[in-house]
Amino acid sequence: MSDFERARKQMVENQLRTNSVVDRRLLAQMGRVPRELFVPPERQAVAYIDDTHPLGENGLRFLPMPLTFARMAQLADIRSSDAVLDIGCATGYSVAVLAGLGASVLGLEESEALARQAIDILAQLGLSNAQVRAGGPDQLKGEDFDVIIVEGTLDAAPQNLYPLLRDGGRMVALIRERGVAVAHLFVRTGQNVAARAEFNAHLPPLWLAKPEENFVF
């Protein structure tokens with residue numbers, strides 16, 4: 001067993017299983033995806049620590065800590081038939097994990113340099129059901145998804161993303177409340193989107209544009 005394989009196993013057993021991550025498919029997938037490929041070379045030795053990895057871009061881009069990402073993915077309850085949108089995918093680690101859970105995954109990354117890295121790494125891994133685009137959700141006119149995961153803290157509910165959810169679709173995002181980021185689950189039923197707060201977490205802010213004041217389907 002290589003050092004990376006050992007670190008991957010320890011991440012699953014010591015960081016995830018001991019902190020309420022119980023989805024077997026998710027645990028298995030995070031135990032397979034080589035996280036070390038998605039961090040800068042100088043951080044590969046610590047790729048599996050329970051911390052956020054800075055990815056440059058003046059400190060604005062990052063790879064989320066394994067536990068935060070795992071709890072968000074678990075909350076989304078991804079099914080094998082789901083089309084997944086991953087906003088703020090950075091170098092593509094989350095896309096690689098989600099590709100093993102859903103039918104297809106589209107990652108969006110504002111940084112063109114990081115998006116190119118993600119595309120190259122995913123190609124190396126041979127993930128045919130995953131793709132990454134540079135840019136934000138404003139380019140997704142006419143597209144919709146069963147699951148949306150927003151990898152970064154927002155100041156308010158992202159109402160501008162509601163039209164991208166299919167009926168029955170779920171979105172997970174961290175919303176800042178009184179200085180604390182709280183993971184919310186948004187579920188669309190017909191023309192309505194209901195939200196509920198689930199757990200406190202921490203991710204740096206995301207570039208996502210400010211949501212509209214009012215939203216009408």
# chains A, B, ... in the order shown; residues from 1 in each chain; ligands from 1

call {"tool": "select_by_dssp", "arguments": {"residues": "region 18-67 of chain A", "states": "helix (DSSP H, G or I)", "output": "CSV table (one decimal) with C-alpha atoms, in the first residue's frame"}}
result
chain,number,residue,atom,x,y,z
A,18,THR,CA,-16.2,9.4,12.9
A,19,ASN,CA,-18.0,12.6,11.9
A,24,ARG,CA,-21.4,3.9,1.8
A,25,ARG,CA,-21.2,4.9,-1.8
A,26,LEU,CA,-19.7,8.3,-0.9
A,27,LEU,CA,-17.2,6.8,1.5
A,28,ALA,CA,-16.1,4.2,-1.1
A,29,GLN,CA,-15.7,6.9,-3.8
A,30,MET,CA,-13.7,9.2,-1.6
A,35,ARG,CA,-6.9,13.6,-3.9
A,36,GLU,CA,-3.1,14.2,-4.2
A,37,LEU,CA,-3.6,14.9,-8.0
A,38,PHE,CA,-5.8,17.9,-7.3
A,41,PRO,CA,2.9,19.6,-6.0
A,42,GLU,CA,4.3,21.1,-2.8
A,43,ARG,CA,1.1,20.1,-0.9
A,44,GLN,CA,0.7,16.6,-2.2
A,45,ALA,CA,2.3,15.1,1.0
A,46,VAL,CA,-0.5,16.7,3.0
A,57,GLU,CA,-5.8,33.1,-7.5
A,58,ASN,CA,-4.9,35.6,-4.7
A,59,GLY,CA,-6.3,33.3,-2.1
A,66,PRO,CA,-12.7,16.5,3.0
A,67,LEU,CA,-15.2,16.5,5.8

call {"tool": "residues_around", "arguments": {"residues": "Leu140 (chain A)", "least_positions_apart": "6", "cutoff": "12 Å", "atoms": "only C-alpha atoms", "output": "PDB file with N, CA and C atoms, in the first residue's frame"}}
result
ATOM      1  N   LEU A  85     -24.680  19.422 -10.819  1.00  0.00           N
ATOM      2  CA  LEU A  85     -23.938  20.650 -11.114  1.00  0.00           C
ATOM      3  C   LEU A  85     -23.088  20.986  -9.905  1.00  0.00           C
ATOM      4  N   ILE A  87     -20.670  23.811  -8.521  1.00  0.00           N
ATOM      5  CA  ILE A  87     -20.258  25.194  -8.737  1.00  0.00           C
ATOM      6  C   ILE A  87     -19.077  25.532  -7.831  1.00  0.00           C
ATOM      7  N   LEU A 106     -21.360  18.198 -14.110  1.00  0.00           N
ATOM      8  CA  LEU A 106     -20.786  19.366 -14.756  1.00  0.00           C
ATOM      9  C   LEU A 106     -20.198  20.251 -13.672  1.00  0.00           C
ATOM     10  N   GLY A 107     -18.887  20.512 -13.762  1.00  0.00           N
ATOM     11  CA  GLY A 107     -18.237  21.408 -12.827  1.00  0.00           C
ATOM     12  C   GLY A 107     -18.039  22.772 -13.445  1.00  0.00           C
ATOM     13  N   LEU A 108     -18.289  23.818 -12.681  1.00  0.00           N
ATOM     14  CA  LEU A 108     -18.037  25.189 -13.112  1.00  0.00           C
ATOM     15  C   LEU A 108     -16.937  25.782 -12.257  1.00  0.00           C
ATOM     16  N   ARG A 133     -16.299  23.329 -17.088  1.00  0.00           N
ATOM     17  CA  ARG A 133     -16.309  24.531 -17.909  1.00  0.00           C
ATOM     18  C   ARG A 133     -15.797  25.700 -17.088  1.00  0.00           C
ATOM     19  N   ALA A 134     -15.092  26.604 -17.740  1.00  0.00           N
ATOM     20  CA  ALA A 134     -14.677  27.840 -17.088  1.00  0.00           C
ATOM     21  C   ALA A 134     -15.836  28.828 -17.124  1.00  0.00           C
ATOM     22  N   ASN A 160     -30.960  32.953  -7.693  1.00  0.00           N
ATOM     23  CA  ASN A 160     -30.708  32.930  -9.130  1.00  0.00           C
ATOM     24  C   ASN A 160     -30.363  31.529  -9.641  1.00  0.00           C
ATOM     25  N   LEU A 161     -30.136  30.589  -8.719  1.00  0.00           N
ATOM     26  CA  LEU A 161     -29.877  29.205  -9.118  1.00  0.00           C
ATOM     27  C   LEU A 161     -31.136  28.342  -9.115  1.00  0.00           C
ATOM     28  N   PRO A 163     -33.870  28.344 -10.865  1.00  0.00           N
ATOM     29  CA  PRO A 163     -34.369  27.855 -12.157  1.00  0.00           C
ATOM     30  C   PRO A 163     -33.573  26.667 -12.707  1.00  0.00           C
ATOM     31  N   LEU A 164     -32.365  26.444 -12.173  1.00  0.00           N
ATOM     32  CA  LEU A 164     -31.542  25.330 -12.658  1.00  0.00           C
ATOM     33  C   LEU A 164     -31.916  24.002 -12.013  1.00  0.00           C
ATOM     34  N   LEU A 165     -32.780  24.051 -10.990  1.00  0.00           N
ATOM     35  CA  LEU A 165     -33.205  22.835 -10.303  1.00  0.00           C
ATOM     36  C   LEU A 165     -34.416  22.215 -10.983  1.00  0.00           C
TER      37      LEU A 165
END

call {"tool": "closest_residue", "arguments": {"among": "A:Phe69, A:Phe4, A:Phe62, A:Tyr48", "to": "Ala173 (chain A)", "atoms": "only C-alpha atoms"}}
result
A:Phe69
